[in-house]
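query_2.pdb (PDB, C-alpha atoms)
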ATOM      1  CA  MET A  30      -7.206   3.227  -5.552
ATOM      2  CA  ILE A  31      -4.652   3.091  -2.798
ATOM      3  CA  GLU A  32      -1.188   4.281  -3.708
ATOM      4  CA  LEU A  33       1.993   4.062  -1.662
ATOM      5  CA  GLN A  34       5.187   5.896  -2.572
ATOM      6  CA  THR A  35       8.909   5.572  -2.057
ATOM      7  CA  GLU A  36      11.673   7.734  -3.448
ATOM      8  CA  ARG A  37      11.799   5.715  -6.666
ATOM      9  CA  LEU A  38       8.505   3.857  -6.758
ATOM     10  CA  ARG A  39       4.731   4.108  -6.832
ATOM     11  CA  LEU A  40       2.811   1.082  -5.531
ATOM     12  CA  VAL A  41      -0.746   1.057  -6.847
ATOM     13  CA  ALA A  42      -3.467  -1.312  -5.587
ATOM     14  CA  LEU A  43      -5.738  -2.109  -8.517
ATOM     15  CA  ASP A  44      -9.415  -1.829  -7.620
ATOM     16  CA  GLY A  45     -11.870  -4.243  -9.217
ATOM     17  CA  GLU A  46     -12.337  -2.159 -12.359
ATOM     18  CA  HIS A  47      -8.595  -1.792 -12.917
ATOM     19  CA  LEU A  48      -7.977  -5.484 -12.241
ATOM     20  CA  ARG A  49     -10.668  -6.330 -14.809
ATOM     21  CA  LEU A  50      -8.788  -4.150 -17.299
ATOM     22  CA  LEU A  51      -5.564  -5.979 -16.497
ATOM     23  CA  LEU A  52      -7.304  -9.252 -17.311
ATOM     24  CA  GLU A  53      -9.093  -8.066 -20.446
ATOM     25  CA  ASN A  54      -6.888  -5.380 -21.935
ATOM     26  CA  PRO A  55      -3.547  -4.629 -20.224
ATOM     27  CA  GLU A  56      -2.849  -1.815 -22.722
ATOM     28  CA  ASP A  57      -5.978   0.013 -21.527
ATOM     29  CA  LEU A  58      -4.874  -0.433 -17.930
ATOM     30  CA  CYS A  59      -1.493   1.121 -18.722
ATOM     31  CA  ARG A  60      -3.232   4.074 -20.394
ATOM     32  CA  ARG A  61      -5.576   4.446 -17.420
ATOM     33  CA  LEU A  62      -2.647   4.400 -14.979
ATOM     34  CA  GLY A  63      -0.651   6.736 -17.212
ATOM     35  CA  VAL A  64       2.310   4.368 -17.445
ATOM     36  CA  ALA A  65       4.350   2.996 -20.327
ATOM     37  CA  SER A  66       3.059  -0.278 -21.720
ATOM     38  CA  ASN A  67       5.043  -3.317 -20.680
ATOM     39  CA  ARG A  68       3.548  -5.727 -23.275
ATOM     40  CA  VAL A  69       4.334  -8.777 -21.162
ATOM     41  CA  GLU A  70       2.145 -11.803 -21.797
ATOM     42  CA  ALA A  71       0.781 -13.348 -18.615
ATOM     43  CA  SER A  72       1.202 -17.074 -18.090
ATOM     44  CA  GLU A  73      -1.899 -19.215 -17.711
ATOM     45  CA  GLU A  74      -1.083 -19.617 -14.020
ATOM     46  CA  LEU A  75      -0.910 -15.831 -13.547
ATOM     47  CA  ARG A  76      -4.122 -15.295 -15.521
ATOM     48  CA  LEU A  77      -5.945 -17.778 -13.261
ATOM     49  CA  ALA A  78      -4.519 -16.111 -10.143
ATOM     50  CA  ARG A  79      -5.718 -12.726 -11.418
ATOM     51  CA  GLU A  80      -9.199 -14.134 -11.986
ATOM     52  CA  GLU A  81      -9.221 -15.310  -8.369
ATOM     53  CA  MET A  82      -8.035 -11.871  -7.279
ATOM     54  CA  TYR A  83     -10.813 -10.235  -9.282
ATOM     55  CA  ALA A  84     -13.395 -12.470  -7.592
ATOM     56  CA  GLY A  85     -11.944 -11.429  -4.213
ATOM     57  CA  THR A  86     -12.241  -7.735  -5.059
ATOM     58  CA  MET A  87     -15.882  -8.274  -6.020
ATOM     59  CA  ARG A  88     -16.629 -10.171  -2.773
ATOM     60  CA  CYS A  89     -14.931  -7.550  -0.611
ATOM     61  CA  PRO A  90     -14.824  -4.194  -2.428
ATOM     62  CA  GLU A  91     -14.113  -2.236   0.771
ATOM     63  CA  GLY A  92     -11.010  -4.353   1.451
ATOM     64  CA  TYR A  93     -10.055  -4.956  -2.194
ATOM     65  CA  TYR A  94      -6.375  -4.213  -1.480
ATOM     66  CA  TRP A  95      -6.034  -7.575   0.319
ATOM     67  CA  TYR A  96      -7.232  -9.442  -2.780
ATOM     68  CA  THR A  97      -5.805  -7.573  -5.736
ATOM     69  CA  GLU A  98      -2.581  -7.132  -7.619
ATOM     70  CA  TRP A  99      -0.498  -4.093  -6.762
ATOM     71  CA  GLN A 100       1.614  -2.607  -9.563
ATOM     72  CA  VAL A 101       5.169  -1.500  -8.752
ATOM     73  CA  ILE A 102       5.930   1.494 -10.963
ATOM     74  CA  TYR A 103       9.422   2.925 -11.406
ATOM     75  CA  LYS A 104       8.902   6.693 -11.403
ATOM     76  CA  GLU A 105      11.982   7.562 -13.482
ATOM     77  CA  GLU A 106      10.781   5.464 -16.436
ATOM     78  CA  ASN A 107       7.072   5.569 -15.581
ATOM     79  CA  SER A 108       7.000   1.818 -16.170
ATOM     80  CA  ILE A 109       5.741  -1.232 -14.307
ATOM     81  CA  VAL A 110       8.753  -3.123 -12.975
ATOM     82  CA  GLY A 111       6.930  -5.740 -10.932
ATOM     83  CA  SER A 112       3.895  -6.508  -8.851
ATOM     84  CA  PHE A 113       2.830  -8.050  -5.589
ATOM     85  CA  CYS A 114      -0.317  -9.266  -3.936
ATOM     86  CA  PHE A 115      -1.574 -10.242  -0.553
ATOM     87  CA  LYS A 116      -3.058 -13.703  -0.466
ATOM     88  CA  GLY A 117      -6.238 -12.523   1.205
ATOM     89  CA  ALA A 118      -7.099 -10.498   4.284
ATOM     90  CA  PRO A 119      -5.246 -11.118   7.547
ATOM     91  CA  ASN A 120      -6.101 -14.474   9.142
ATOM     92  CA  GLU A 121      -7.459 -14.922  12.673
ATOM     93  CA  SER A 122      -3.911 -14.509  14.045
ATOM     94  CA  GLY A 123      -3.432 -11.231  12.184
ATOM     95  CA  GLU A 124      -1.005 -12.703   9.653
ATOM     96  CA  VAL A 125      -1.114 -11.663   6.016
ATOM     97  CA  GLU A 126       0.832 -13.410   3.275
ATOM     98  CA  VAL A 127       2.513 -11.563   0.430
ATOM     99  CA  GLY A 128       3.774 -12.800  -2.930
ATOM    100  CA  TYR A 129       5.733 -10.754  -5.451
ATOM    101  CA  GLY A 130       7.629 -10.752  -8.704
ATOM    102  CA  THR A 131       9.961  -8.459 -10.599
ATOM    103  CA  ALA A 132      10.157  -8.193 -14.385
ATOM    104  CA  THR A 133      13.407  -9.706 -15.657
ATOM    105  CA  PRO A 134      15.105  -6.485 -16.840
ATOM    106  CA  TYR A 135      14.512  -4.865 -13.423
ATOM    107  CA  ARG A 136      15.812  -7.628 -11.173
ATOM    108  CA  SER A 137      18.759  -7.053  -8.815
ATOM    109  CA  LYS A 138      18.186  -3.295  -8.730
ATOM    110  CA  GLY A 139      16.588  -3.156  -5.273
ATOM    111  CA  PHE A 140      13.078  -2.371  -6.504
ATOM    112  CA  MET A 141      11.300  -5.203  -4.708
ATOM    113  CA  THR A 142      13.250  -4.677  -1.487
ATOM    114  CA  GLU A 143      12.214  -1.011  -1.572
ATOM    115  CA  ALA A 144       8.609  -1.988  -2.302
ATOM    116  CA  MET A 145       8.432  -4.634   0.425
ATOM    117  CA  ARG A 146       9.839  -2.231   3.030
ATOM    118  CA  VAL A 147       7.040   0.258   2.430
ATOM    119  CA  VAL A 148       4.483  -2.563   2.253
ATOM    120  CA  ALA A 149       5.611  -3.904   5.638
ATOM    121  CA  THR A 150       5.318  -0.437   7.174
ATOM    122  CA  TRP A 151       1.874   0.050   5.631
ATOM    123  CA  VAL A 152       0.395  -3.316   6.696
ATOM    124  CA  PHE A 153       1.508  -2.845  10.281
ATOM    125  CA  LYS A 154      -0.203   0.554  10.415
ATOM    126  CA  ASN A 155      -3.409  -0.752   8.810
ATOM    127  CA  GLY A 156      -5.802  -3.604   9.240
ATOM    128  CA  GLY A 157      -4.699  -5.134  12.543
ATOM    129  CA  VAL A 158      -1.814  -7.052  10.991
ATOM    130  CA  THR A 159       0.522  -8.725  13.480
ATOM    131  CA  ALA A 160       2.844 -10.461  11.002
ATOM    132  CA  LEU A 161       3.766 -10.367   7.336
ATOM    133  CA  ILE A 162       4.538 -13.824   5.957
ATOM    134  CA  ALA A 163       5.893 -15.146   2.644
ATOM    135  CA  GLU A 164       6.769 -18.439   1.011
ATOM    136  CA  THR A 165       9.726 -18.786  -1.348
ATOM    137  CA  PRO A 166      11.172 -21.703  -3.267
ATOM    138  CA  LYS A 167      14.425 -22.829  -1.687
ATOM    139  CA  ASP A 168      16.315 -22.142  -4.912
ATOM    140  CA  ASN A 169      15.132 -18.518  -5.267
ATOM    141  CA  VAL A 170      18.108 -16.841  -3.583
ATOM    142  CA  PRO A 171      17.317 -13.307  -4.845
ATOM    143  CA  SER A 172      13.890 -13.526  -3.212
ATOM    144  CA  HIS A 173      15.510 -14.726   0.017
ATOM    145  CA  ARG A 174      17.706 -11.625  -0.032
ATOM    146  CA  VAL A 175      14.684  -9.338  -0.427
ATOM    147  CA  LEU A 176      13.048 -10.851   2.627
ATOM    148  CA  GLN A 177      16.243 -10.855   4.682
ATOM    149  CA  LYS A 178      16.831  -7.172   3.895
ATOM    150  CA  ILE A 179      13.424  -6.211   5.262
ATOM    151  CA  GLY A 180      14.032  -8.218   8.424
ATOM    152  CA  MET A 181      12.083 -11.399   7.762
ATOM    153  CA  GLU A 182      13.266 -14.687   9.226
ATOM    154  CA  ILE A 183      12.707 -18.273   8.162
ATOM    155  CA  VAL A 184      10.168 -19.899  10.474
ATOM    156  CA  ARG A 185       9.474 -23.154   8.630
ATOM    157  CA  GLU A 186      10.668 -25.174   5.683
ATOM    158  CA  SER A 187       9.615 -28.045   3.475
ATOM    159  CA  PRO A 188      11.702 -29.975   0.975
ATOM    160  CA  THR A 189      11.031 -27.248  -1.628
ATOM    161  CA  SER A 190      10.107 -24.026   0.227
ATOM    162  CA  PHE A 191      10.964 -21.647   3.051
ATOM    163  CA  TRP A 192       8.277 -19.749   4.985
ATOM    164  CA  TRP A 193       9.280 -16.344   6.287
ATOM    165  CA  ARG A 194       7.802 -14.041   8.936
ATOM    166  CA  LEU A 195       8.182 -10.436   9.994
ATOM    167  CA  ARG A 196       6.388  -9.551  13.213
ATOM    168  CA  ARG A 197       5.029  -6.126  14.003
ATOM    169  CA  ARG A 198       7.152  -4.412  16.588
ATOM    170  CA  SER A 199       5.320  -2.907  19.543
TER     171      SER A 199
END

Would you mind writing the file's structure down as structure tokens?
Amino acid sequence: MIELQTERLRLVALDGEHLRLLLENPEDLCRRLGVASNRVEASEELRLAREEMYAGTMRCPEGYYWYTEWQVIYKEENSIVGSFCFKGAPNESGEVEVGYGTATPYRSKGFMTEAMRVVATWVFKNGGVTALIAETPKDNVPSHRVLQKIGMEIVRESPTSFWWRLRRRS
């Protein structure tokens, strides 16, 4: 498993086996990771997304980190405070899309901003990534702030969403 660290956080990329555990028995995954159980039920939409992620990790085990869920673990409490994923490997232009979420009790504490900063640094050092991109609903102001704080800019919009980009600096 790949693990990134910040002062307060551990970011753990679940390999195929760990992602399977997340799907089948989240309590076992927490034990395996050595973290406190979060006992949060996944929505049907999230369960389906995780199944797609699992299929991606099986298709590309050497690059599983582009297809899996990464757990954001708050070191002080040894608990999962959120997660993120890349929406596949970088495209032909070197862009990789990221999506993320923070558990309700941990929102507005800077955890996801801290996580996304280290993620941006990591992707630009690895895998030939030229840009990190994200899509947010127009009404998700806290998510906009996360992306603004890491230097992303709006590059496109639709009636319901903004698309953001952070380019690798030379």

Checklist entry - Any idea what's packed within 10 Å of A:Arg136, counting all atoms listed in the file, ignoring anything in its chain fewer than 5 positions away? Could you give it as a PyMOL selection string? => result chain A and resi 110-111+130-131+141+171

Go ahead and write the residues just picked, C-alpha atoms, as a compact mmCIF listing (two decimals), in the coordinates of the input.
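The new file selection_11.txt reads:
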# COMPACT_ATOMS: atom_id res chain seq x y z
CA VAL A 110 8.75 -3.12 -12.98
CA GLY A 111 6.93 -5.74 -10.93
CA GLY A 130 7.63 -10.75 -8.70
CA THR A 131 9.96 -8.46 -10.60
CA MET A 141 11.30 -5.20 -4.71
CA PRO A 171 17.32 -13.31 -4.84

Item to check | Spatial neighbours of A:Ala42, 10 Å, only C-alpha atoms, chain gap at least 2 places, as a ChimeraX atom specification | outcome: /A:30-33,39-40,44-45,47-48,93-101,112-114

Item to check | Shell of 12 Å around A:Thr133, all atoms listed in the file, local chain residues under 4 positions omitted, as an MDAnalysis selection string | outcome: chainID A and resid 67 69 109:111 137:138 140

Next on the checklist: I need the residue nearest A:Arg60 from this list: A:Thr159, A:Leu195, A:Val184, A:Ser108. Use all atoms listed in the file for the distance.
Outcome noted: A:Ser108

Item to check | Distance criterion (all atoms listed in the file): nearest to A:Val152 out of A:Phe115, A:Ala71, A:Asn169, A:Glu186 | outcome: A:Phe115

Next on the checklist: Quick check, in Å to one decimal: how far apart do atom CA of A:Ala160 and atom CA of A:Met82 lie?
Outcome noted: 21.3 Å

Item to check | Polymer residues at most 12 Å from A:Glu124, all atoms listed in the file, same-chain spacing of 5 or more positions, as a ChimeraX atom specification | outcome: /A:95,115-119,149,152-153,156-163,193-197

Around stretch 194-197 of chain A, with edges along x, y and z and 4 Å added on all six sides, what centre and edge lengths do you get, in Å to one decimal, as AutoDock Vina command-line options?
--center_x 6.6 --center_y -10.1 --center_z 11.5 --size_x 11.2 --size_y 15.9 --size_z 13.1

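Running the PyMOL selection byres ((chain A and resi 191) around 12) on this file leaves Ile162, Ala163, Glu164, Thr165, Pro166, Lys167, Asp168, Asn169, Val170, Ser172, His173, Leu176, Met181, Glu182, Ile183, Val184, Arg185, Glu186, Ser187, Pro188, Thr189, Ser190, Trp192, Trp193 and Arg194 of chain A selected.
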
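Interatomic distance, atom CA of A:Ile179 against atom CA of A:Glu126: 14.6 Å.
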
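We find atom CA of A:Ala144 and atom CA of A:Glu105 to be spaced 15.1 Å apart.
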
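Closest to A:Ile102 among A:Val64, A:Trp151, A:Gln177, A:Glu46 is A:Val64, based on only C-alpha atoms.
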
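Here the question is which of A:Leu75, A:Val147, A:Val41, A:Val175 gets nearest to A:Gly63 using all atoms listed in the file, and that residue is A:Val41.
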
Checklist outcome for this item: In terms of only C-alpha atoms, the residue from A:Gly123, A:Thr150, A:Lys104, A:Met87 at minimal distance from A:Glu36 is A:Lys104
